[in-house]
$ cat protein_16.pdb   # PDB, N, CA and C atoms
ATOM      1  N   MET A1005      86.708  80.529 112.083
ATOM      2  CA  MET A1005      85.868  80.637 113.239
ATOM      3  C   MET A1005      85.349  82.071 113.393
ATOM      4  N   LEU A1006      86.200  83.034 113.087
ATOM      5  CA  LEU A1006      85.776  84.429 113.189
ATOM      6  C   LEU A1006      84.663  84.747 112.197
ATOM      7  N   LEU A1007      84.751  84.188 110.997
ATOM      8  CA  LEU A1007      83.713  84.430 110.006
ATOM      9  C   LEU A1007      82.415  83.732 110.395
ATOM     10  N   ILE A1008      82.515  82.557 110.954
ATOM     11  CA  ILE A1008      81.313  81.836 111.378
ATOM     12  C   ILE A1008      80.601  82.603 112.480
ATOM     13  N   ARG A1009      81.361  83.224 113.358
ATOM     14  CA  ARG A1009      80.778  84.022 114.436
ATOM     15  C   ARG A1009      80.284  85.380 113.948
ATOM     16  N   GLY A1010      80.584  85.737 112.714
ATOM     17  CA  GLY A1010      80.111  87.002 112.149
ATOM     18  C   GLY A1010      80.920  88.204 112.570
ATOM     19  N   GLN A1011      82.206  88.014 112.802
ATOM     20  CA  GLN A1011      83.053  89.119 113.241
ATOM     21  C   GLN A1011      83.825  89.699 112.060
ATOM     22  N   ARG A1012      83.938  91.018 112.063
ATOM     23  CA  ARG A1012      84.647  91.706 110.982
ATOM     24  C   ARG A1012      86.128  91.360 110.947
ATOM     25  N   ARG A1013      86.678  91.029 112.086
ATOM     26  CA  ARG A1013      88.102  90.668 112.110
ATOM     27  C   ARG A1013      88.390  89.464 111.220
ATOM     28  N   GLY A1014      87.394  88.599 111.043
ATOM     29  CA  GLY A1014      87.567  87.447 110.165
ATOM     30  C   GLY A1014      87.791  87.858 108.728
ATOM     31  N   VAL A1015      87.030  88.825 108.252
ATOM     32  CA  VAL A1015      87.201  89.322 106.887
ATOM     33  C   VAL A1015      88.550  90.019 106.747
ATOM     34  N   ASP A1016      88.927  90.781 107.761
ATOM     35  CA  ASP A1016      90.231  91.458 107.728
ATOM     36  C   ASP A1016      91.370  90.441 107.681
ATOM     37  N   LEU A1017      91.234  89.379 108.441
ATOM     38  CA  LEU A1017      92.259  88.335 108.461
ATOM     39  C   LEU A1017      92.341  87.607 107.122
ATOM     40  N   VAL A1018      91.201  87.312 106.533
ATOM     41  CA  VAL A1018      91.176  86.659 105.223
ATOM     42  C   VAL A1018      91.862  87.543 104.179
ATOM     43  N   CYS A1019      91.582  88.827 104.211
ATOM     44  CA  CYS A1019      92.207  89.758 103.256
ATOM     45  C   CYS A1019      93.722  89.815 103.450
ATOM     46  N   ALA A1020      94.161  89.845 104.688
ATOM     47  CA  ALA A1020      95.602  89.879 104.963
ATOM     48  C   ALA A1020      96.274  88.597 104.492
ATOM     49  N   ILE A1021      95.647  87.471 104.741
ATOM     50  CA  ILE A1021      96.220  86.191 104.316
ATOM     51  C   ILE A1021      96.278  86.104 102.793
ATOM     52  N   MET A1022      95.193  86.497 102.118
ATOM     53  CA  MET A1022      95.176  86.439 100.659
ATOM     54  C   MET A1022      96.222  87.373 100.049
ATOM     55  N   ALA A1023      96.347  88.576 100.608
ATOM     56  CA  ALA A1023      97.316  89.536 100.065
ATOM     57  C   ALA A1023      98.743  89.030 100.238
ATOM     58  N   THR A1024      99.082  88.518 101.416
ATOM     59  CA  THR A1024     100.455  88.034 101.624
ATOM     60  C   THR A1024     100.726  86.776 100.813
ATOM     61  N   ASP A1025      99.735  85.907 100.668
ATOM     62  CA  ASP A1025      99.916  84.706  99.859
ATOM     63  C   ASP A1025     100.141  85.070  98.399
ATOM     64  N   LEU A1026      99.357  86.016  97.904
ATOM     65  CA  LEU A1026      99.510  86.436  96.517
ATOM     66  C   LEU A1026     100.867  87.086  96.274
ATOM     67  N   VAL A1027     101.296  87.939  97.176
ATOM     68  CA  VAL A1027     102.604  88.591  97.034
ATOM     69  C   VAL A1027     103.731  87.556  97.072
ATOM     70  N   ALA A1028     103.644  86.594  97.980
ATOM     71  CA  ALA A1028     104.683  85.561  98.080
ATOM     72  C   ALA A1028     104.738  84.710  96.813
ATOM     73  N   ASN A1029     103.586  84.357  96.271
ATOM     74  CA  ASN A1029     103.575  83.554  95.054
ATOM     75  C   ASN A1029     104.058  84.344  93.848
ATOM     76  N   TRP A1030     103.664  85.608  93.752
ATOM     77  CA  TRP A1030     104.167  86.441  92.664
ATOM     78  C   TRP A1030     105.683  86.589  92.754
ATOM     79  N   TYR A1031     106.205  86.765  93.966
ATOM     80  CA  TYR A1031     107.657  86.873  94.134
ATOM     81  C   TYR A1031     108.341  85.569  93.722
ATOM     82  N   ALA A1032     107.767  84.447  94.124
ATOM     83  CA  ALA A1032     108.369  83.157  93.776
ATOM     84  C   ALA A1032     108.397  82.948  92.269
ATOM     85  N   VAL A1033     107.338  83.324  91.589
ATOM     86  CA  VAL A1033     107.274  83.116  90.138
ATOM     87  C   VAL A1033     108.175  84.094  89.400
ATOM     88  N   HIS A1034     108.089  85.374  89.735
ATOM     89  CA  HIS A1034     108.848  86.377  88.984
ATOM     90  C   HIS A1034     110.270  86.562  89.509
ATOM     91  N   GLY A1035     110.436  86.560  90.820
ATOM     92  CA  GLY A1035     111.749  86.838  91.381
ATOM     93  C   GLY A1035     112.680  85.640  91.412
ATOM     94  N   ILE A1036     112.143  84.481  91.729
ATOM     95  CA  ILE A1036     112.991  83.301  91.887
ATOM     96  C   ILE A1036     113.022  82.456  90.616
ATOM     97  N   GLN A1037     111.859  82.167  90.045
ATOM     98  CA  GLN A1037     111.798  81.297  88.868
ATOM     99  C   GLN A1037     112.046  82.032  87.559
ATOM    100  N   GLN A1038     112.003  83.339  87.575
ATOM    101  CA  GLN A1038     112.158  84.152  86.357
ATOM    102  C   GLN A1038     111.137  83.740  85.297
ATOM    103  N   SER A1039     109.917  83.492  85.740
ATOM    104  CA  SER A1039     108.837  83.085  84.849
ATOM    105  C   SER A1039     107.844  84.241  84.699
ATOM    106  N   ASN A1040     106.777  83.998  83.961
ATOM    107  CA  ASN A1040     105.755  85.029  83.807
ATOM    108  C   ASN A1040     104.375  84.443  84.107
ATOM    109  N   LEU A1041     103.389  85.306  84.125
ATOM    110  CA  LEU A1041     102.032  84.911  84.476
ATOM    111  C   LEU A1041     101.449  83.931  83.461
ATOM    112  N   ALA A1042     101.785  84.088  82.206
ATOM    113  CA  ALA A1042     101.234  83.222  81.159
ATOM    114  C   ALA A1042     101.671  81.769  81.333
ATOM    115  N   ALA A1043     102.840  81.553  81.903
ATOM    116  CA  ALA A1043     103.363  80.200  82.071
ATOM    117  C   ALA A1043     102.914  79.545  83.378
ATOM    118  N   GLN A1044     102.171  80.264  84.194
ATOM    119  CA  GLN A1044     101.775  79.756  85.512
ATOM    120  C   GLN A1044     100.252  79.763  85.662
ATOM    121  N   PRO A1045      99.568  78.695  85.257
ATOM    122  CA  PRO A1045      98.104  78.689  85.381
ATOM    123  C   PRO A1045      97.636  78.726  86.840
ATOM    124  N   GLY A1046      98.393  78.171  87.753
ATOM    125  CA  GLY A1046      98.019  78.214  89.164
ATOM    126  C   GLY A1046      98.055  79.619  89.723
ATOM    127  N   LEU A1047      99.020  80.393  89.286
ATOM    128  CA  LEU A1047      99.119  81.779  89.738
ATOM    129  C   LEU A1047      97.993  82.616  89.159
ATOM    130  N   ARG A1048      97.589  82.317  87.936
ATOM    131  CA  ARG A1048      96.446  83.034  87.354
ATOM    132  C   ARG A1048      95.180  82.762  88.154
ATOM    133  N   ARG A1049      94.951  81.508  88.512
ATOM    134  CA  ARG A1049      93.769  81.170  89.308
ATOM    135  C   ARG A1049      93.823  81.821  90.680
ATOM    136  N   LEU A1050      94.990  81.822  91.298
ATOM    137  CA  LEU A1050      95.143  82.446  92.608
ATOM    138  C   LEU A1050      94.899  83.951  92.525
ATOM    139  N   THR A1051      95.361  84.581  91.472
ATOM    140  CA  THR A1051      95.159  86.023  91.293
ATOM    141  C   THR A1051      93.683  86.351  91.122
ATOM    142  N   VAL A1052      92.976  85.555  90.352
ATOM    143  CA  VAL A1052      91.538  85.784  90.163
ATOM    144  C   VAL A1052      90.792  85.562  91.475
ATOM    145  N   PHE A1053      91.142  84.506  92.202
ATOM    146  CA  PHE A1053      90.481  84.235  93.480
ATOM    147  C   PHE A1053      90.769  85.346  94.491
ATOM    148  N   ALA A1054      92.007  85.812  94.534
ATOM    149  CA  ALA A1054      92.350  86.906  95.450
ATOM    150  C   ALA A1054      91.591  88.176  95.090
ATOM    151  N   ALA A1055      91.449  88.449  93.806
ATOM    152  CA  ALA A1055      90.676  89.624  93.382
ATOM    153  C   ALA A1055      89.215  89.478  93.797
ATOM    154  N   LEU A1056      88.676  88.280  93.691
ATOM    155  CA  LEU A1056      87.300  88.036  94.120
ATOM    156  C   LEU A1056      87.152  88.249  95.625
ATOM    157  N   VAL A1057      88.068  87.682  96.393
ATOM    158  CA  VAL A1057      88.010  87.822  97.853
ATOM    159  C   VAL A1057      88.183  89.277  98.269
ATOM    160  N   LEU A1058      89.207  89.937  97.746
ATOM    161  CA  LEU A1058      89.473  91.320  98.131
ATOM    162  C   LEU A1058      88.408  92.282  97.596
ATOM    163  N   GLY A1059      87.804  91.939  96.470
ATOM    164  CA  GLY A1059      86.767  92.799  95.907
ATOM    165  C   GLY A1059      85.437  92.690  96.637
ATOM    166  N   THR A1060      85.117  91.523  97.152
ATOM    167  CA  THR A1060      83.845  91.339  97.853
ATOM    168  C   THR A1060      83.939  91.591  99.349
ATOM    169  N   ALA A1061      85.128  91.665  99.886
ATOM    170  CA  ALA A1061      85.316  91.824 101.336
ATOM    171  C   ALA A1061      84.630  93.068 101.903
ATOM    172  N   PRO A1062      84.732  94.237 101.268
ATOM    173  CA  PRO A1062      84.055  95.406 101.855
ATOM    174  C   PRO A1062      82.539  95.244 101.950
ATOM    175  N   PHE A1063      81.935  94.572 100.977
ATOM    176  CA  PHE A1063      80.491  94.373 101.002
ATOM    177  C   PHE A1063      80.085  93.380 102.085
ATOM    178  N   ILE A1064      80.879  92.332 102.246
ATOM    179  CA  ILE A1064      80.592  91.341 103.290
ATOM    180  C   ILE A1064      80.831  91.960 104.663
ATOM    181  N   ARG A1065      81.873  92.750 104.786
ATOM    182  CA  ARG A1065      82.237  93.346 106.074
ATOM    183  C   ARG A1065      81.116  94.266 106.587
ATOM    184  N   GLN A1066      80.396  94.912 105.712
ATOM    185  CA  GLN A1066      79.310  95.798 106.110
ATOM    186  C   GLN A1066      78.195  95.056 106.841
ATOM    187  N   HIS A1067      78.019  93.787 106.524
ATOM    188  CA  HIS A1067      76.919  93.017 107.079
ATOM    189  C   HIS A1067      77.299  92.244 108.338
ATOM    190  N   LEU A1068      78.526  92.390 108.782
ATOM    191  CA  LEU A1068      78.968  91.677 109.979
ATOM    192  C   LEU A1068      79.000  92.598 111.187
ATOM    193  N   THR A1069      78.978  91.990 112.365
ATOM    194  CA  THR A1069      79.064  92.758 113.602
ATOM    195  C   THR A1069      80.524  93.028 113.922
ATOM    196  N   LYS A1070      80.742  93.614 115.077
ATOM    197  CA  LYS A1070      82.120  93.924 115.501
ATOM    198  C   LYS A1070      82.932  92.702 115.421
TER
END
$ encode --input "protein_16.pdb" --output "structure tokens"
Amino acid sequence: MLLIRGQRRGVDLVCAIMATDLVANWYAVHGIQQSNLAAQPGLRRLTVFAALVLGTAPFIRQHLTK
């Protein structure tokens, strides 16, 4: 809803959610399962998507209002 309204807080919230989700999944794969990135195709996709979201967020944030 924040992004639809054009508020910067929406982009900040998306970045926070993506970062915590990525950290939690990386911890689950490496810390709990003792696995690696090569064995987890879902984690690879999530990492690429998070990089896309976090990489484009500053550019999108510039075009939004308060």
$ closest_residue --input "protein_16.pdb" --among "A:Lys1070, A:Gly1035, A:Leu1006, A:Asn1029" --to "A:Leu1047" --atoms "all atoms listed in the file"
A:Asn1029
$ closest_residue --input "protein_16.pdb" --among "A:Ala1028, A:Pro1045, A:Gln1037, A:Arg1065" --to "A:Asp1016" --atoms "all atoms listed in the file"
A:Arg1065
$ resolve_selection --input "protein_16.pdb" --expression "the PyMOL selection byres (((chain A and resi 1052-1062 and name CA) around 12) and name CA)" --output "PDB file with N, CA and C atoms, keeping the file's coordinate frame"
ATOM      1  N   LEU A1007      84.751  84.188 110.997  1.00  0.00           N
ATOM      2  CA  LEU A1007      83.713  84.430 110.006  1.00  0.00           C
ATOM      3  C   LEU A1007      82.415  83.732 110.395  1.00  0.00           C
ATOM      4  N   ARG A1012      83.938  91.018 112.063  1.00  0.00           N
ATOM      5  CA  ARG A1012      84.647  91.706 110.982  1.00  0.00           C
ATOM      6  C   ARG A1012      86.128  91.360 110.947  1.00  0.00           C
ATOM      7  N   ARG A1013      86.678  91.029 112.086  1.00  0.00           N
ATOM      8  CA  ARG A1013      88.102  90.668 112.110  1.00  0.00           C
ATOM      9  C   ARG A1013      88.390  89.464 111.220  1.00  0.00           C
ATOM     10  N   GLY A1014      87.394  88.599 111.043  1.00  0.00           N
ATOM     11  CA  GLY A1014      87.567  87.447 110.165  1.00  0.00           C
ATOM     12  C   GLY A1014      87.791  87.858 108.728  1.00  0.00           C
ATOM     13  N   VAL A1015      87.030  88.825 108.252  1.00  0.00           N
ATOM     14  CA  VAL A1015      87.201  89.322 106.887  1.00  0.00           C
ATOM     15  C   VAL A1015      88.550  90.019 106.747  1.00  0.00           C
ATOM     16  N   ASP A1016      88.927  90.781 107.761  1.00  0.00           N
ATOM     17  CA  ASP A1016      90.231  91.458 107.728  1.00  0.00           C
ATOM     18  C   ASP A1016      91.370  90.441 107.681  1.00  0.00           C
ATOM     19  N   LEU A1017      91.234  89.379 108.441  1.00  0.00           N
ATOM     20  CA  LEU A1017      92.259  88.335 108.461  1.00  0.00           C
ATOM     21  C   LEU A1017      92.341  87.607 107.122  1.00  0.00           C
ATOM     22  N   VAL A1018      91.201  87.312 106.533  1.00  0.00           N
ATOM     23  CA  VAL A1018      91.176  86.659 105.223  1.00  0.00           C
ATOM     24  C   VAL A1018      91.862  87.543 104.179  1.00  0.00           C
ATOM     25  N   CYS A1019      91.582  88.827 104.211  1.00  0.00           N
ATOM     26  CA  CYS A1019      92.207  89.758 103.256  1.00  0.00           C
ATOM     27  C   CYS A1019      93.722  89.815 103.450  1.00  0.00           C
ATOM     28  N   ALA A1020      94.161  89.845 104.688  1.00  0.00           N
ATOM     29  CA  ALA A1020      95.602  89.879 104.963  1.00  0.00           C
ATOM     30  C   ALA A1020      96.274  88.597 104.492  1.00  0.00           C
ATOM     31  N   ILE A1021      95.647  87.471 104.741  1.00  0.00           N
ATOM     32  CA  ILE A1021      96.220  86.191 104.316  1.00  0.00           C
ATOM     33  C   ILE A1021      96.278  86.104 102.793  1.00  0.00           C
ATOM     34  N   MET A1022      95.193  86.497 102.118  1.00  0.00           N
ATOM     35  CA  MET A1022      95.176  86.439 100.659  1.00  0.00           C
ATOM     36  C   MET A1022      96.222  87.373 100.049  1.00  0.00           C
ATOM     37  N   ALA A1023      96.347  88.576 100.608  1.00  0.00           N
ATOM     38  CA  ALA A1023      97.316  89.536 100.065  1.00  0.00           C
ATOM     39  C   ALA A1023      98.743  89.030 100.238  1.00  0.00           C
ATOM     40  N   THR A1024      99.082  88.518 101.416  1.00  0.00           N
ATOM     41  CA  THR A1024     100.455  88.034 101.624  1.00  0.00           C
ATOM     42  C   THR A1024     100.726  86.776 100.813  1.00  0.00           C
ATOM     43  N   ASP A1025      99.735  85.907 100.668  1.00  0.00           N
ATOM     44  CA  ASP A1025      99.916  84.706  99.859  1.00  0.00           C
ATOM     45  C   ASP A1025     100.141  85.070  98.399  1.00  0.00           C
ATOM     46  N   LEU A1026      99.357  86.016  97.904  1.00  0.00           N
ATOM     47  CA  LEU A1026      99.510  86.436  96.517  1.00  0.00           C
ATOM     48  C   LEU A1026     100.867  87.086  96.274  1.00  0.00           C
ATOM     49  N   VAL A1027     101.296  87.939  97.176  1.00  0.00           N
ATOM     50  CA  VAL A1027     102.604  88.591  97.034  1.00  0.00           C
ATOM     51  C   VAL A1027     103.731  87.556  97.072  1.00  0.00           C
ATOM     52  N   ASN A1029     103.586  84.357  96.271  1.00  0.00           N
ATOM     53  CA  ASN A1029     103.575  83.554  95.054  1.00  0.00           C
ATOM     54  C   ASN A1029     104.058  84.344  93.848  1.00  0.00           C
ATOM     55  N   LEU A1041     103.389  85.306  84.125  1.00  0.00           N
ATOM     56  CA  LEU A1041     102.032  84.911  84.476  1.00  0.00           C
ATOM     57  C   LEU A1041     101.449  83.931  83.461  1.00  0.00           C
ATOM     58  N   PRO A1045      99.568  78.695  85.257  1.00  0.00           N
ATOM     59  CA  PRO A1045      98.104  78.689  85.381  1.00  0.00           C
ATOM     60  C   PRO A1045      97.636  78.726  86.840  1.00  0.00           C
ATOM     61  N   GLY A1046      98.393  78.171  87.753  1.00  0.00           N
ATOM     62  CA  GLY A1046      98.019  78.214  89.164  1.00  0.00           C
ATOM     63  C   GLY A1046      98.055  79.619  89.723  1.00  0.00           C
ATOM     64  N   LEU A1047      99.020  80.393  89.286  1.00  0.00           N
ATOM     65  CA  LEU A1047      99.119  81.779  89.738  1.00  0.00           C
ATOM     66  C   LEU A1047      97.993  82.616  89.159  1.00  0.00           C
ATOM     67  N   ARG A1048      97.589  82.317  87.936  1.00  0.00           N
ATOM     68  CA  ARG A1048      96.446  83.034  87.354  1.00  0.00           C
ATOM     69  C   ARG A1048      95.180  82.762  88.154  1.00  0.00           C
ATOM     70  N   ARG A1049      94.951  81.508  88.512  1.00  0.00           N
ATOM     71  CA  ARG A1049      93.769  81.170  89.308  1.00  0.00           C
ATOM     72  C   ARG A1049      93.823  81.821  90.680  1.00  0.00           C
ATOM     73  N   LEU A1050      94.990  81.822  91.298  1.00  0.00           N
ATOM     74  CA  LEU A1050      95.143  82.446  92.608  1.00  0.00           C
ATOM     75  C   LEU A1050      94.899  83.951  92.525  1.00  0.00           C
ATOM     76  N   THR A1051      95.361  84.581  91.472  1.00  0.00           N
ATOM     77  CA  THR A1051      95.159  86.023  91.293  1.00  0.00           C
ATOM     78  C   THR A1051      93.683  86.351  91.122  1.00  0.00           C
ATOM     79  N   PHE A1063      81.935  94.572 100.977  1.00  0.00           N
ATOM     80  CA  PHE A1063      80.491  94.373 101.002  1.00  0.00           C
ATOM     81  C   PHE A1063      80.085  93.380 102.085  1.00  0.00           C
ATOM     82  N   ILE A1064      80.879  92.332 102.246  1.00  0.00           N
ATOM     83  CA  ILE A1064      80.592  91.341 103.290  1.00  0.00           C
ATOM     84  C   ILE A1064      80.831  91.960 104.663  1.00  0.00           C
ATOM     85  N   ARG A1065      81.873  92.750 104.786  1.00  0.00           N
ATOM     86  CA  ARG A1065      82.237  93.346 106.074  1.00  0.00           C
ATOM     87  C   ARG A1065      81.116  94.266 106.587  1.00  0.00           C
ATOM     88  N   GLN A1066      80.396  94.912 105.712  1.00  0.00           N
ATOM     89  CA  GLN A1066      79.310  95.798 106.110  1.00  0.00           C
ATOM     90  C   GLN A1066      78.195  95.056 106.841  1.00  0.00           C
ATOM     91  N   HIS A1067      78.019  93.787 106.524  1.00  0.00           N
ATOM     92  CA  HIS A1067      76.919  93.017 107.079  1.00  0.00           C
ATOM     93  C   HIS A1067      77.299  92.244 108.338  1.00  0.00           C
ATOM     94  N   LEU A1068      78.526  92.390 108.782  1.00  0.00           N
ATOM     95  CA  LEU A1068      78.968  91.677 109.979  1.00  0.00           C
ATOM     96  C   LEU A1068      79.000  92.598 111.187  1.00  0.00           C
TER      97      LEU A1068
END
$ atom_distance --input "protein_16.pdb" --atom1 "atom C of A:Ala1043" --atom2 "atom C of A:Tyr1031"
13.1 Å
$ decode --input "protein_16.pdb" --residues "stretch 1012-1069 of chain A" --atoms "C-alpha atoms" --output "mmCIF file, in the first residue's frame"
data_model
loop_
_atom_site.group_PDB
_atom_site.id
_atom_site.type_symbol
_atom_site.label_atom_id
_atom_site.label_comp_id
_atom_site.auth_asym_id
_atom_site.auth_seq_id
_atom_site.Cartn_x
_atom_site.Cartn_y
_atom_site.Cartn_z
ATOM 1 C CA ARG A 1012 9.483 6.252 0.294
ATOM 2 C CA ARG A 1013 8.752 4.292 3.442
ATOM 3 C CA GLY A 1014 7.411 1.538 1.194
ATOM 4 C CA VAL A 1015 10.775 1.088 -0.501
ATOM 5 C CA ASP A 1016 12.525 1.161 2.873
ATOM 6 C CA LEU A 1017 10.157 -1.497 4.187
ATOM 7 C CA VAL A 1018 10.662 -3.707 1.132
ATOM 8 C CA CYS A 1019 14.442 -3.466 1.563
ATOM 9 C CA ALA A 1020 14.215 -4.359 5.252
ATOM 10 C CA ILE A 1021 11.968 -7.333 4.542
ATOM 11 C CA MET A 1022 14.192 -8.612 1.723
ATOM 12 C CA ALA A 1023 17.362 -8.239 3.805
ATOM 13 C CA THR A 1024 15.947 -10.069 6.837
ATOM 14 C CA ASP A 1025 14.411 -12.787 4.661
ATOM 15 C CA LEU A 1026 17.698 -13.339 2.865
ATOM 16 C CA VAL A 1027 19.677 -13.468 6.114
ATOM 17 C CA ALA A 1028 17.195 -15.926 7.663
ATOM 18 C CA ASN A 1029 17.314 -18.207 4.632
ATOM 19 C CA TRP A 1030 21.101 -18.084 4.429
ATOM 20 C CA TYR A 1031 21.275 -18.970 8.131
ATOM 21 C CA ALA A 1032 18.849 -21.855 7.651
ATOM 22 C CA VAL A 1033 20.832 -23.273 4.736
ATOM 23 C CA HIS A 1034 24.349 -22.789 6.093
ATOM 24 C CA GLY A 1035 23.844 -22.814 9.850
ATOM 25 C CA ILE A 1036 21.133 -25.410 10.315
ATOM 26 C CA GLN A 1037 21.230 -27.638 7.220
ATOM 27 C CA GLN A 1038 25.018 -27.469 6.757
ATOM 28 C CA SER A 1039 24.424 -27.090 3.023
ATOM 29 C CA ASN A 1040 25.865 -24.734 0.426
ATOM 30 C CA LEU A 1041 24.552 -22.343 -2.196
ATOM 31 C CA ALA A 1042 25.158 -24.764 -5.070
ATOM 32 C CA ALA A 1043 22.776 -27.318 -3.553
ATOM 33 C CA GLN A 1044 19.965 -24.799 -3.000
ATOM 34 C CA PRO A 1045 18.442 -23.462 -6.244
ATOM 35 C CA GLY A 1046 15.723 -21.618 -4.307
ATOM 36 C CA LEU A 1047 18.297 -19.727 -2.296
ATOM 37 C CA ARG A 1048 20.138 -18.766 -5.472
ATOM 38 C CA ARG A 1049 16.940 -17.328 -6.941
ATOM 39 C CA LEU A 1050 16.158 -15.494 -3.711
ATOM 40 C CA THR A 1051 19.674 -14.028 -3.616
ATOM 41 C CA VAL A 1052 19.406 -12.761 -7.190
ATOM 42 C CA PHE A 1053 15.953 -11.289 -6.533
ATOM 43 C CA ALA A 1054 17.155 -9.610 -3.333
ATOM 44 C CA ALA A 1055 20.122 -8.137 -5.203
ATOM 45 C CA LEU A 1056 17.732 -6.807 -7.845
ATOM 46 C CA VAL A 1057 15.414 -5.277 -5.243
ATOM 47 C CA LEU A 1058 18.199 -3.795 -3.123
ATOM 48 C CA GLY A 1059 20.104 -2.589 -6.184
ATOM 49 C CA THR A 1060 17.161 -0.769 -7.761
ATOM 50 C CA ALA A 1061 15.691 0.624 -4.532
ATOM 51 C CA PRO A 1062 17.797 3.824 -4.430
ATOM 52 C CA PHE A 1063 16.770 4.723 -7.985
ATOM 53 C CA ILE A 1064 13.088 4.064 -7.319
ATOM 54 C CA ARG A 1065 13.234 5.909 -3.995
ATOM 55 C CA GLN A 1066 14.425 9.084 -5.749
ATOM 56 C CA HIS A 1067 11.207 9.253 -7.749
ATOM 57 C CA LEU A 1068 8.846 8.877 -4.802
ATOM 58 C CA THR A 1069 7.439 11.488 -2.454
#
